[in-house]
file upload.json (JSON, C-alpha atoms)
[["chain", "number", "residue", "atom", "x", "y", "z"],
["A", 148, "MET", "CA", -1.37, -25.94, 6.41],
["A", 149, "ASP", "CA", 0.55, -22.85, 7.55],
["A", 150, "GLU", "CA", -1.20, -19.75, 8.86],
["A", 151, "PHE", "CA", -0.71, -17.75, 5.66],
["A", 152, "ALA", "CA", -2.25, -20.48, 3.48],
["A", 153, "ASP", "CA", -4.98, -21.03, 6.05],
["A", 154, "TRP", "CA", -5.91, -17.33, 5.92],
["A", 155, "ARG", "CA", -6.55, -17.63, 2.20],
["A", 156, "ALA", "CA", -8.25, -21.02, 2.41],
["A", 157, "ASN", "CA", -10.78, -19.70, 4.92],
["A", 158, "GLY", "CA", -11.63, -16.59, 2.97],
["A", 159, "ARG", "CA", -14.88, -15.74, 1.26],
["A", 160, "ARG", "CA", -15.70, -13.97, -2.02],
["A", 161, "PHE", "CA", -18.18, -11.35, -3.16],
["A", 162, "THR", "CA", -18.53, -9.47, -6.44],
["A", 163, "HIS", "CA", -17.78, -5.75, -6.75],
["A", 164, "ARG", "CA", -18.29, -4.11, -10.14],
["A", 165, "GLY", "CA", -17.93, -7.51, -11.81],
["A", 166, "HIS", "CA", -14.75, -8.49, -9.95],
["A", 167, "GLN", "CA", -14.20, -11.09, -7.25],
["A", 168, "ILE", "CA", -13.20, -9.67, -3.86],
["A", 169, "PHE", "CA", -11.58, -11.76, -1.15],
["A", 170, "TRP", "CA", -12.58, -11.19, 2.46],
["A", 171, "ARG", "CA", -12.25, -12.78, 5.87],
["A", 172, "ASP", "CA", -15.31, -13.26, 8.04],
["A", 173, "SER", "CA", -15.16, -14.29, 11.67],
["A", 174, "ALA", "CA", -18.54, -15.99, 11.19],
["A", 175, "PHE", "CA", -17.30, -18.22, 8.36],
["A", 176, "HIS", "CA", -15.70, -21.53, 9.27],
["A", 177, "GLY", "CA", -15.30, -23.32, 5.98],
["A", 178, "THR", "CA", -18.92, -24.08, 5.11],
["A", 179, "LEU", "CA", -20.32, -22.87, 1.82],
["A", 180, "PRO", "CA", -21.16, -19.16, 2.19],
["A", 181, "THR", "CA", -24.62, -17.80, 1.46],
["A", 182, "ALA", "CA", -24.95, -14.46, -0.28],
["A", 183, "GLY", "CA", -26.85, -11.74, 1.47],
["A", 184, "GLU", "CA", -26.82, -13.26, 4.95],
["A", 185, "PRO", "CA", -28.65, -10.95, 7.36],
["A", 186, "GLY", "CA", -26.74, -9.52, 10.28],
["A", 187, "ALA", "CA", -28.06, -10.52, 13.68],
["A", 188, "ALA", "CA", -29.99, -7.80, 15.46],
["A", 189, "GLY", "CA", -27.80, -6.04, 17.99],
["A", 190, "GLU", "CA", -24.58, -7.76, 17.00],
["A", 191, "ARG", "CA", -21.37, -5.76, 17.46],
["A", 192, "ALA", "CA", -19.62, -5.69, 14.09],
["A", 193, "LEU", "CA", -16.09, -4.55, 13.24],
["A", 194, "LEU", "CA", -14.79, -3.65, 9.79],
["A", 195, "CYS", "CA", -11.00, -3.88, 9.32],
["A", 196, "VAL", "CA", -9.57, -1.77, 6.49],
["A", 197, "HIS", "CA", -5.99, -2.60, 5.44],
["A", 198, "GLY", "CA", -3.26, -0.43, 3.96],
["A", 199, "PHE", "CA", -0.98, -0.08, 0.93],
["A", 200, "PRO", "CA", 0.62, -2.25, -0.43],
["A", 201, "THR", "CA", -0.58, -5.18, 1.66],
["A", 202, "ALA", "CA", -3.95, -6.81, 2.45],
["A", 203, "SER", "CA", -6.28, -8.21, 5.10],
["A", 204, "TRP", "CA", -3.42, -10.51, 6.16],
["A", 205, "ASP", "CA", -2.11, -7.46, 8.05],
["A", 206, "TRP", "CA", -4.69, -8.24, 10.75],
["A", 207, "HIS", "CA", -3.73, -11.86, 11.38],
["A", 208, "ARG", "CA", -1.75, -11.25, 14.58],
["A", 209, "ILE", "CA", -4.67, -9.53, 16.32],
["A", 210, "TRP", "CA", -7.48, -11.42, 14.56],
["A", 211, "ALA", "CA", -8.24, -13.84, 17.40],
["A", 212, "GLY", "CA", -8.40, -10.99, 19.91],
["A", 213, "LEU", "CA", -10.74, -8.99, 17.68],
["A", 214, "CYS", "CA", -12.99, -11.99, 17.09],
["A", 215, "ALA", "CA", -13.19, -12.63, 20.84],
["A", 216, "GLU", "CA", -14.44, -9.06, 21.41],
["A", 217, "PHE", "CA", -16.86, -8.59, 18.50],
["A", 218, "ASP", "CA", -19.77, -10.69, 17.29],
["A", 219, "ARG", "CA", -18.69, -10.20, 13.68],
["A", 220, "VAL", "CA", -15.36, -9.13, 12.16],
["A", 221, "LEU", "CA", -15.10, -8.44, 8.42],
["A", 222, "ALA", "CA", -11.81, -7.79, 6.63],
["A", 223, "PRO", "CA", -11.71, -7.57, 2.82],
["A", 224, "ASP", "CA", -8.74, -7.30, 0.50],
["A", 225, "MET", "CA", -9.55, -4.16, -1.43],
["A", 226, "ILE", "CA", -9.71, -4.38, -5.20],
["A", 227, "GLY", "CA", -6.17, -4.33, -6.56],
["A", 228, "PHE", "CA", -4.73, -5.88, -3.40],
["A", 229, "GLY", "CA", -3.99, -9.28, -1.89],
["A", 230, "TRP", "CA", -6.16, -12.14, -3.10],
["A", 231, "SER", "CA", -8.80, -9.89, -4.67],
["A", 232, "ALA", "CA", -9.10, -9.17, -8.38],
["A", 233, "LYS", "CA", -6.49, -6.82, -9.81],
["A", 234, "PRO", "CA", -7.97, -5.64, -13.11],
["A", 235, "ARG", "CA", -5.63, -3.73, -15.37],
["A", 236, "ASP", "CA", -8.28, -1.53, -16.99],
["A", 237, "TYR", "CA", -9.76, -0.07, -13.83],
["A", 238, "GLU", "CA", -10.04, 3.37, -12.24],
["A", 239, "TYR", "CA", -8.77, 2.71, -8.73],
["A", 240, "SER", "CA", -9.86, 5.33, -6.22],
["A", 241, "ILE", "CA", -10.51, 5.86, -2.53],
["A", 242, "PHE", "CA", -14.17, 6.54, -3.32],
["A", 243, "ASP", "CA", -14.52, 3.19, -5.06],
["A", 244, "GLN", "CA", -12.79, 1.38, -2.19],
["A", 245, "ALA", "CA", -15.29, 3.02, 0.19],
["A", 246, "ASP", "CA", -18.09, 1.80, -2.10],
["A", 247, "LEU", "CA", -16.63, -1.72, -1.88],
["A", 248, "HIS", "CA", -16.70, -1.73, 1.93],
["A", 249, "GLU", "CA", -20.20, -0.29, 2.11],
["A", 250, "GLN", "CA", -21.41, -2.86, -0.41],
["A", 251, "LEU", "CA", -19.98, -5.71, 1.67],
["A", 252, "LEU", "CA", -21.62, -4.40, 4.85],
["A", 253, "ARG", "CA", -24.99, -3.94, 3.18],
["A", 254, "GLU", "CA", -24.89, -7.37, 1.52],
["A", 255, "GLN", "CA", -24.14, -8.93, 4.89],
["A", 256, "GLY", "CA", -26.97, -7.08, 6.58],
["A", 257, "VAL", "CA", -24.61, -5.05, 8.81],
["A", 258, "ARG", "CA", -26.30, -1.76, 9.64],
["A", 259, "ARG", "CA", -24.11, -0.58, 12.52],
["A", 260, "VAL", "CA", -20.34, -1.03, 12.47],
["A", 261, "HIS", "CA", -17.11, -0.04, 14.17],
["A", 262, "VAL", "CA", -14.02, 0.59, 12.00],
["A", 263, "LEU", "CA", -10.35, -0.24, 12.51],
["A", 264, "ALA", "CA", -8.14, 1.09, 9.71],
["A", 265, "HIS", "CA", -4.48, 1.43, 8.74],
["A", 266, "ASP", "CA", -2.48, 3.47, 6.21],
["A", 267, "TYR", "CA", -4.33, 3.68, 2.85],
["A", 268, "GLY", "CA", -7.27, 2.26, 4.78],
["A", 269, "ASP", "CA", -7.26, 5.36, 6.98],
["A", 270, "THR", "CA", -8.18, 7.45, 3.97],
["A", 271, "VAL", "CA", -10.95, 4.99, 3.08],
["A", 272, "ALA", "CA", -12.14, 5.31, 6.69],
["A", 273, "GLN", "CA", -12.12, 9.10, 6.39],
["A", 274, "GLU", "CA", -14.37, 8.83, 3.34],
["A", 275, "LEU", "CA", -16.64, 6.40, 5.20],
["A", 276, "LEU", "CA", -16.74, 8.87, 8.08],
["A", 277, "ALA", "CA", -17.67, 11.73, 5.73],
["A", 278, "ARG", "CA", -20.50, 9.66, 4.29],
["A", 279, "ASP", "CA", -21.69, 8.69, 7.76],
["A", 280, "SER", "CA", -21.94, 12.37, 8.69],
["A", 281, "GLU", "CA", -23.93, 13.07, 5.53],
["A", 282, "ARG", "CA", -26.35, 10.22, 6.26],
["A", 283, "ARG", "CA", -26.82, 11.41, 9.85],
["A", 284, "ALA", "CA", -27.62, 14.91, 8.62],
["A", 285, "ALA", "CA", -30.20, 13.46, 6.22],
["A", 286, "GLY", "CA", -31.77, 11.22, 8.88],
["A", 287, "ASP", "CA", -30.60, 8.08, 7.07],
["A", 288, "ASP", "CA", -29.75, 5.25, 9.47],
["A", 289, "SER", "CA", -29.38, 2.52, 6.86],
["A", 290, "LEU", "CA", -25.65, 2.27, 7.66],
["A", 291, "VAL", "CA", -24.18, 3.81, 10.80],
["A", 292, "LEU", "CA", -20.55, 4.07, 11.91],
["A", 293, "GLU", "CA", -20.29, 3.72, 15.69],
["A", 294, "SER", "CA", -16.57, 4.41, 16.15],
["A", 295, "VAL", "CA", -13.33, 4.69, 14.17],
["A", 296, "CYS", "CA", -9.86, 3.67, 15.32],
["A", 297, "LEU", "CA", -6.95, 4.63, 13.09],
["A", 298, "LEU", "CA", -3.43, 3.23, 12.95],
["A", 299, "ASN", "CA", -0.48, 4.91, 11.20],
["A", 300, "GLY", "CA", -1.52, 6.57, 7.97],
["A", 301, "GLY", "CA", -1.44, 9.75, 5.91],
["A", 302, "LEU", "CA", -4.37, 11.50, 7.53],
["A", 303, "PHE", "CA", -3.06, 14.91, 6.48],
["A", 304, "PRO", "CA", -1.43, 15.48, 3.08],
["A", 305, "GLU", "CA", 0.87, 18.11, 4.57],
["A", 306, "THR", "CA", 2.45, 15.62, 6.98],
["A", 307, "HIS", "CA", 2.62, 12.57, 4.71],
["A", 308, "ARG", "CA", 6.29, 11.81, 3.98],
["A", 309, "ALA", "CA", 6.12, 9.57, 0.93],
["A", 310, "ARG", "CA", 8.91, 7.04, 0.47],
["A", 311, "PRO", "CA", 11.17, 7.42, -2.60],
["A", 312, "ILE", "CA", 9.56, 4.39, -4.25],
["A", 313, "GLN", "CA", 6.12, 5.95, -3.78],
["A", 314, "LYS", "CA", 7.23, 9.20, -5.37],
["A", 315, "LEU", "CA", 8.65, 7.31, -8.33],
["A", 316, "LEU", "CA", 5.47, 5.25, -8.74],
["A", 317, "ALA", "CA", 3.43, 8.44, -8.76],
["A", 318, "GLY", "CA", 5.64, 10.06, -11.42],
["A", 319, "PRO", "CA", 5.93, 9.65, -15.20],
["A", 320, "LEU", "CA", 8.10, 6.55, -14.82],
["A", 321, "GLY", "CA", 5.49, 4.88, -12.63],
["A", 322, "PRO", "CA", 4.16, 2.41, -15.25],
["A", 323, "LEU", "CA", 7.68, 1.20, -16.07],
["A", 324, "LEU", "CA", 8.67, 0.99, -12.43],
["A", 325, "SER", "CA", 5.57, -1.07, -11.68],
["A", 326, "LEU", "CA", 6.64, -3.66, -14.24],
["A", 327, "LEU", "CA", 10.32, -3.72, -13.27],
["A", 328, "ALA", "CA", 9.91, -3.88, -9.49],
["A", 329, "THR", "CA", 11.69, -6.82, -7.90],
["A", 330, "GLU", "CA", 11.11, -8.62, -4.63],
["A", 331, "ALA", "CA", 14.42, -7.30, -3.30],
["A", 332, "THR", "CA", 13.56, -3.64, -3.90],
["A", 333, "PHE", "CA", 10.03, -4.15, -2.60],
["A", 334, "ALA", "CA", 11.26, -5.84, 0.57],
["A", 335, "SER", "CA", 13.89, -3.19, 1.23],
["A", 336, "SER", "CA", 11.40, -0.35, 0.85],
["A", 337, "LEU", "CA", 8.75, -2.00, 3.02],
["A", 338, "ALA", "CA", 11.14, -3.03, 5.79],
["A", 339, "ALA", "CA", 12.37, 0.57, 6.03],
["A", 340, "VAL", "CA", 9.05, 1.77, 7.47],
["A", 341, "PHE", "CA", 9.17, -0.71, 10.36],
["A", 342, "GLY", "CA", 10.89, 0.16, 13.62],
["A", 343, "PRO", "CA", 14.59, -0.72, 13.96],
["A", 344, "ASP", "CA", 13.85, -3.47, 16.49],
["A", 345, "THR", "CA", 10.62, -4.73, 14.96],
["A", 346, "LYS", "CA", 11.61, -5.55, 11.37],
["A", 347, "PRO", "CA", 9.68, -8.25, 9.50],
["A", 348, "SER", "CA", 11.42, -11.55, 8.84],
["A", 349, "ALA", "CA", 12.46, -12.65, 5.37],
["A", 350, "ALA", "CA", 9.50, -15.05, 5.34],
["A", 351, "GLU", "CA", 7.08, -12.25, 6.23],
["A", 352, "LEU", "CA", 8.48, -9.99, 3.53],
["A", 353, "ASP", "CA", 8.05, -12.83, 1.05],
["A", 354, "GLN", "CA", 4.38, -13.09, 2.06],
["A", 355, "PHE", "CA", 3.91, -9.36, 1.51],
["A", 356, "TRP", "CA", 5.51, -9.68, -1.92],
["A", 357, "LEU", "CA", 3.22, -12.57, -2.88],
["A", 358, "LEU", "CA", 0.20, -10.50, -1.87],
["A", 359, "TRP", "CA", 1.45, -7.54, -3.91],
["A", 360, "CYS", "CA", 2.53, -9.24, -7.12],
["A", 361, "GLY", "CA", 0.07, -12.14, -7.24],
["A", 362, "ARG", "CA", -2.42, -12.01, -10.14],
["A", 363, "HIS", "CA", 0.05, -9.63, -11.87],
["A", 364, "GLY", "CA", -0.85, -7.03, -9.26],
["A", 365, "LYS", "CA", 2.42, -5.13, -9.29],
["A", 366, "ARG", "CA", 1.67, -3.82, -12.78],
["A", 367, "ASN", "CA", -1.04, -1.62, -11.20],
["A", 368, "GLY", "CA", 1.23, 0.05, -8.66],
["A", 369, "HIS", "CA", 1.27, 3.37, -10.51],
["A", 370, "LYS", "CA", -2.57, 3.39, -10.53],
["A", 371, "LEU", "CA", -3.05, 2.47, -6.89],
["A", 372, "ILE", "CA", -0.55, 5.12, -5.76],
["A", 373, "ARG", "CA", -2.87, 7.83, -7.08],
["A", 374, "TYR", "CA", -4.38, 7.91, -3.61],
["A", 375, "MET", "CA", -1.64, 10.39, -2.66],
["A", 376, "ALA", "CA", -2.99, 12.89, -5.20],
["A", 377, "GLU", "CA", -6.54, 12.11, -4.09],
["A", 378, "ARG", "CA", -5.62, 13.01, -0.53],
["A", 379, "ARG", "CA", -4.45, 16.43, -1.67],
["A", 380, "ALA", "CA", -7.47, 17.01, -3.90],
["A", 381, "HIS", "CA", -10.00, 16.02, -1.24],
["A", 382, "ARG", "CA", -8.20, 17.27, 1.85],
["A", 383, "GLN", "CA", -11.07, 19.50, 2.95],
["A", 384, "ARG", "CA", -13.54, 16.62, 2.87],
["A", 385, "TRP", "CA", -11.36, 13.99, 4.52],
["A", 386, "VAL", "CA", -9.61, 16.11, 7.13],
["A", 387, "GLY", "CA", -12.93, 17.80, 7.80],
["A", 388, "ALA", "CA", -14.47, 14.40, 8.53],
["A", 389, "LEU", "CA", -12.01, 14.01, 11.42],
["A", 390, "GLU", "CA", -12.44, 17.56, 12.65],
["A", 391, "ARG", "CA", -16.25, 17.28, 12.74],
["A", 392, "ALA", "CA", -16.62, 13.62, 13.74],
["A", 393, "GLU", "CA", -19.70, 12.90, 15.85],
["A", 394, "ILE", "CA", -18.51, 9.47, 17.00],
["A", 395, "PRO", "CA", -15.57, 8.28, 19.14],
["A", 396, "LEU", "CA", -12.17, 8.40, 17.42],
["A", 397, "ARG", "CA", -8.80, 7.05, 18.52],
["A", 398, "LEU", "CA", -5.39, 7.14, 16.86],
["A", 399, "ILE", "CA", -2.87, 4.41, 17.74],
["A", 400, "ASP", "CA", 0.46, 5.39, 16.23],
["A", 401, "GLY", "CA", 3.95, 3.96, 16.01],
["A", 402, "LEU", "CA", 6.14, 7.01, 16.54],
["A", 403, "LEU", "CA", 9.19, 5.64, 14.67],
["A", 404, "ASP", "CA", 7.31, 5.49, 11.39],
["A", 405, "PRO", "CA", 9.16, 7.71, 8.86],
["A", 406, "VAL", "CA", 5.96, 8.15, 6.83],
["A", 407, "SER", "CA", 3.32, 8.99, 9.43],
["A", 408, "GLY", "CA", 4.93, 8.78, 12.84],
["A", 409, "GLU", "CA", 5.55, 11.38, 15.53],
["A", 410, "HIS", "CA", 5.24, 14.33, 13.16],
["A", 411, "MET", "CA", 1.78, 13.19, 12.04],
["A", 412, "VAL", "CA", 0.65, 12.70, 15.65],
["A", 413, "ALA", "CA", 1.56, 16.32, 16.40],
["A", 414, "ARG", "CA", -0.63, 17.51, 13.53],
["A", 415, "TYR", "CA", -3.48, 15.23, 14.66],
["A", 416, "ARG", "CA", -3.39, 16.82, 18.11],
["A", 417, "GLU", "CA", -3.52, 20.27, 16.50],
["A", 418, "LEU", "CA", -6.54, 19.60, 14.31],
["A", 419, "VAL", "CA", -8.75, 16.95, 15.93],
["A", 420, "PRO", "CA", -10.82, 18.23, 18.88],
["A", 421, "GLY", "CA", -10.18, 16.27, 22.08],
["A", 422, "ALA", "CA", -7.59, 14.13, 20.27],
["A", 423, "ASP", "CA", -7.44, 10.62, 21.76],
["A", 424, "VAL", "CA", -3.99, 9.23, 20.91],
["A", 425, "VAL", "CA", -2.03, 6.19, 22.04],
["A", 426, "GLU", "CA", 1.66, 6.55, 21.20],
["A", 427, "LEU", "CA", 3.82, 3.46, 20.67],
["A", 428, "ALA", "CA", 7.34, 4.75, 21.20],
["A", 429, "LYS", "CA", 9.34, 1.83, 19.76],
["A", 430, "VAL", "CA", 7.11, 0.97, 16.82],
["A", 431, "GLY", "CA", 7.09, 1.92, 13.14],
["A", 432, "HIS", "CA", 4.41, 1.97, 10.46],
["A", 433, "TYR", "CA", 2.70, -1.38, 11.21],
["A", 434, "PRO", "CA", 1.63, -1.38, 14.89],
["A", 435, "GLN", "CA", -0.67, -4.38, 14.41],
["A", 436, "LEU", "CA", 2.32, -6.46, 13.28],
["A", 437, "GLU", "CA", 5.21, -4.88, 15.20],
["A", 438, "ALA", "CA", 3.48, -4.67, 18.59],
["A", 439, "ALA", "CA", 0.39, -6.82, 18.16],
["A", 440, "GLN", "CA", -0.54, -7.27, 21.82],
["A", 441, "GLU", "CA", 0.06, -3.64, 22.72],
["A", 442, "THR", "CA", -1.99, -2.48, 19.74],
["A", 443, "LEU", "CA", -4.82, -4.90, 20.51],
["A", 444, "GLU", "CA", -4.92, -3.78, 24.14],
["A", 445, "ALA", "CA", -5.05, -0.09, 23.12],
["A", 446, "PHE", "CA", -7.85, -0.82, 20.68],
["A", 447, "LEU", "CA", -9.90, -2.86, 23.15],
["A", 448, "GLU", "CA", -9.36, -0.29, 25.90],
["A", 449, "PHE", "CA", -10.77, 2.35, 23.54],
["A", 450, "HIS", "CA", -13.93, 0.28, 23.09],
["A", 451, "ARG", "CA", -14.34, -0.55, 26.75],
["A", 452, "THR", "CA", -13.87, 3.01, 28.02],
["A", 453, "ARG", "CA", -14.91, 5.37, 25.24],
["A", 454, "VAL", "CA", -17.28, 3.41, 23.01],
["A", 455, "ASN", "CA", -19.30, 1.02, 25.16]]

call {"tool": "encode", "arguments": {"input": "upload.json", "output": "structure tokens"}}
result
Amino acid sequence: MDEFADWRANGRRFTHRGHQIFWRDSAFHGTLPTAGEPGAAGERALLCVHGFPTASWDWHRIWAGLCAEFDRVLAPDMIGFGWSAKPRDYEYSIFDQADLHEQLLREQGVRRVHVLAHDYGDTVAQELLARDSERRAAGDDSLVLESVCLLNGGLFPETHRARPIQKLLAGPLGPLLSLLATEATFASSLAAVFGPDTKPSAAELDQFWLLWCGRHGKRNGHKLIRYMAERRAHRQRWVGALERAEIPLRLIDGLLDPVSGEHMVARYRELVPGADVVELAKVGHYPQLEAAQETLEAFLEFHRTRVN
């Protein structure tokens, strides 16, 4: 069995709003899962939040390193993505995706968690961070974020440079474009956000396409892309969560990313107090895939020097 098939075969499922959600669990090794398993007291847990338009598979190159560092690593495919359900009649939103992650953590008995997020997942992490601040203010310790590490993503609406395909999906022709999208156009658009020397192979692009269009998922592209409008509408809440964060934050960013590269890093340094940034000079939008070892080392160094 190849690694891609193995990733799916060793996944678990839980139910969110009546829909089956795929997730990877470092504590699951092929035995029948039990719902509501309690988290071990004092275990160090990590939640990995993937981006658009891919899935938890994005973490496969650094998965072993993450699992060696943390007692528990959880990585779901958000609803509408990857091997999770992709309902057609559904109101996809960042708030709902945050609900999904919190539900998973609570069902698994995880009360304290670190977060590693990328792209669309960064915005989900910002919402999780905003909720964490609200719970702290209310004296609620039922779910506590201990740190957040962000990879390339549209943290600030004013610096997000949407790709042409994203702009089209978000426009009036979005529903038609979702249906007519081909693997060739998808692959070309996705490869363009990688660095010039770190492009994905044809086989990797095919895997991304399978994750996107499986279960008729591509038909929902125009609904999932609404996160760009959500970012604008909720800028004060989500950017404010970074500005007022009470826990350690780090940004690891591929500077050659045309969407959220060097220009976004400059804005991050302007707005986030004591900005902790690791810049990857030869990397594009997917640091965890383009420079897996370098990204893993930067993430682990963050935990060993700023978190622990």

call {"tool": "closest_residue", "arguments": {"input": "upload.json", "among": "A:Ala211, A:Met225, A:Leu327, A:Leu352", "to": "A:Gln250", "atoms": "all atoms listed in the file"}}
result
A:Met225

call {"tool": "closest_atom_pairs", "arguments": {"input": "upload.json", "of": "stretch 250-360 of chain A", "to": "stretch 367-381 of chain A", "cutoff": "12 Å", "atoms": "only C-alpha atoms", "output": "Markdown table"}}
result
| residue | atom | partner | partner_atom | distance |
| --- | --- | --- | --- | --- |
| A:Asp266 | CA | A:Tyr374 | CA | 10.9 |
| A:Tyr267 | CA | A:Tyr374 | CA | 7.7 |
| A:Gly268 | CA | A:Tyr374 | CA | 10.5 |
| A:Asp269 | CA | A:Arg378 | CA | 10.8 |
| A:Thr270 | CA | A:Arg378 | CA | 7.6 |
| A:Val271 | CA | A:Tyr374 | CA | 9.8 |
| A:Gln273 | CA | A:Arg378 | CA | 10.3 |
| A:Glu274 | CA | A:His381 | CA | 9.6 |
| A:Ala277 | CA | A:His381 | CA | 11.2 |
| A:Gly300 | CA | A:Met375 | CA | 11.3 |
| A:Gly301 | CA | A:Arg378 | CA | 8.3 |
| A:Leu302 | CA | A:Arg378 | CA | 8.3 |
| A:Phe303 | CA | A:Arg378 | CA | 7.7 |
| A:Pro304 | CA | A:Arg379 | CA | 5.7 |
| A:Glu305 | CA | A:Arg379 | CA | 8.4 |
| A:Thr306 | CA | A:Arg379 | CA | 11.1 |
| A:His307 | CA | A:Met375 | CA | 8.8 |
| A:Arg308 | CA | A:Met375 | CA | 10.4 |
| A:Ala309 | CA | A:Met375 | CA | 8.6 |
| A:Arg310 | CA | A:Ile372 | CA | 11.5 |
| A:Ile312 | CA | A:Ile372 | CA | 10.2 |
| A:Gln313 | CA | A:Ile372 | CA | 7.0 |
| A:Lys314 | CA | A:Ile372 | CA | 8.8 |
| A:Leu315 | CA | A:His369 | CA | 8.6 |
| A:Leu316 | CA | A:His369 | CA | 4.9 |
| A:Ala317 | CA | A:His369 | CA | 5.8 |
| A:Gly318 | CA | A:His369 | CA | 8.0 |
| A:Pro319 | CA | A:His369 | CA | 9.1 |
| A:Leu320 | CA | A:His369 | CA | 8.7 |
| A:Gly321 | CA | A:His369 | CA | 5.0 |
| A:Pro322 | CA | A:His369 | CA | 5.6 |
| A:Leu323 | CA | A:His369 | CA | 8.8 |
| A:Leu324 | CA | A:His369 | CA | 8.0 |
| A:Ser325 | CA | A:Gly368 | CA | 5.4 |
| A:Leu326 | CA | A:Asn367 | CA | 8.5 |
| A:Leu327 | CA | A:Gly368 | CA | 10.9 |
| A:Ala328 | CA | A:Gly368 | CA | 9.6 |
| A:Phe333 | CA | A:Gly368 | CA | 11.5 |
| A:Trp359 | CA | A:Gly368 | CA | 9.0 |
| A:Cys360 | CA | A:Asn367 | CA | 9.4 |

call {"tool": "residues_around", "arguments": {"input": "upload.json", "residues": "A:Phe151", "least_positions_apart": "6", "cutoff": "9 Å", "atoms": "all atoms listed in the file", "output": "ChimeraX atom specification"}}
result
/A:204,207,354

call {"tool": "residues_around", "arguments": {"input": "upload.json", "residues": "stretch 162-170 of chain A", "least_positions_apart": "6", "cutoff": "12 Å", "atoms": "only C-alpha atoms", "output": "ChimeraX atom specification"}}
result
/A:154-156,180,182-183,194-197,202-204,206,220-239,243-252,254,358

call {"tool": "write_last_selection", "arguments": {"input": "upload.json", "atoms": "C-alpha atoms", "output": "PDB file, keeping the file's coordinate frame"}}
result
ATOM      1  CA  TRP A 154      -5.910 -17.330   5.920  1.00  0.00           C
ATOM      2  CA  ARG A 155      -6.550 -17.630   2.200  1.00  0.00           C
ATOM      3  CA  ALA A 156      -8.250 -21.020   2.410  1.00  0.00           C
ATOM      4  CA  PRO A 180     -21.160 -19.160   2.190  1.00  0.00           C
ATOM      5  CA  ALA A 182     -24.950 -14.460  -0.280  1.00  0.00           C
ATOM      6  CA  GLY A 183     -26.850 -11.740   1.470  1.00  0.00           C
ATOM      7  CA  LEU A 194     -14.790  -3.650   9.790  1.00  0.00           C
ATOM      8  CA  CYS A 195     -11.000  -3.880   9.320  1.00  0.00           C
ATOM      9  CA  VAL A 196      -9.570  -1.770   6.490  1.00  0.00           C
ATOM     10  CA  HIS A 197      -5.990  -2.600   5.440  1.00  0.00           C
ATOM     11  CA  ALA A 202      -3.950  -6.810   2.450  1.00  0.00           C
ATOM     12  CA  SER A 203      -6.280  -8.210   5.100  1.00  0.00           C
ATOM     13  CA  TRP A 204      -3.420 -10.510   6.160  1.00  0.00           C
ATOM     14  CA  TRP A 206      -4.690  -8.240  10.750  1.00  0.00           C
ATOM     15  CA  VAL A 220     -15.360  -9.130  12.160  1.00  0.00           C
ATOM     16  CA  LEU A 221     -15.100  -8.440   8.420  1.00  0.00           C
ATOM     17  CA  ALA A 222     -11.810  -7.790   6.630  1.00  0.00           C
ATOM     18  CA  PRO A 223     -11.710  -7.570   2.820  1.00  0.00           C
ATOM     19  CA  ASP A 224      -8.740  -7.300   0.500  1.00  0.00           C
ATOM     20  CA  MET A 225      -9.550  -4.160  -1.430  1.00  0.00           C
ATOM     21  CA  ILE A 226      -9.710  -4.380  -5.200  1.00  0.00           C
ATOM     22  CA  GLY A 227      -6.170  -4.330  -6.560  1.00  0.00           C
ATOM     23  CA  PHE A 228      -4.730  -5.880  -3.400  1.00  0.00           C
ATOM     24  CA  GLY A 229      -3.990  -9.280  -1.890  1.00  0.00           C
ATOM     25  CA  TRP A 230      -6.160 -12.140  -3.100  1.00  0.00           C
ATOM     26  CA  SER A 231      -8.800  -9.890  -4.670  1.00  0.00           C
ATOM     27  CA  ALA A 232      -9.100  -9.170  -8.380  1.00  0.00           C
ATOM     28  CA  LYS A 233      -6.490  -6.820  -9.810  1.00  0.00           C
ATOM     29  CA  PRO A 234      -7.970  -5.640 -13.110  1.00  0.00           C
ATOM     30  CA  ARG A 235      -5.630  -3.730 -15.370  1.00  0.00           C
ATOM     31  CA  ASP A 236      -8.280  -1.530 -16.990  1.00  0.00           C
ATOM     32  CA  TYR A 237      -9.760  -0.070 -13.830  1.00  0.00           C
ATOM     33  CA  GLU A 238     -10.040   3.370 -12.240  1.00  0.00           C
ATOM     34  CA  TYR A 239      -8.770   2.710  -8.730  1.00  0.00           C
ATOM     35  CA  ASP A 243     -14.520   3.190  -5.060  1.00  0.00           C
ATOM     36  CA  GLN A 244     -12.790   1.380  -2.190  1.00  0.00           C
ATOM     37  CA  ALA A 245     -15.290   3.020   0.190  1.00  0.00           C
ATOM     38  CA  ASP A 246     -18.090   1.800  -2.100  1.00  0.00           C
ATOM     39  CA  LEU A 247     -16.630  -1.720  -1.880  1.00  0.00           C
ATOM     40  CA  HIS A 248     -16.700  -1.730   1.930  1.00  0.00           C
ATOM     41  CA  GLU A 249     -20.200  -0.290   2.110  1.00  0.00           C
ATOM     42  CA  GLN A 250     -21.410  -2.860  -0.410  1.00  0.00           C
ATOM     43  CA  LEU A 251     -19.980  -5.710   1.670  1.00  0.00           C
ATOM     44  CA  LEU A 252     -21.620  -4.400   4.850  1.00  0.00           C
ATOM     45  CA  GLU A 254     -24.890  -7.370   1.520  1.00  0.00           C
ATOM     46  CA  LEU A 358       0.200 -10.500  -1.870  1.00  0.00           C
TER      47      LEU A 358
END

call {"tool": "residues_around", "arguments": {"input": "upload.json", "residues": "A:Cys214", "least_positions_apart": "5", "cutoff": "10 Å", "atoms": "only C-alpha atoms", "output": "ChimeraX atom specification"}}
result
/A:172-174,192-193,209,219-221
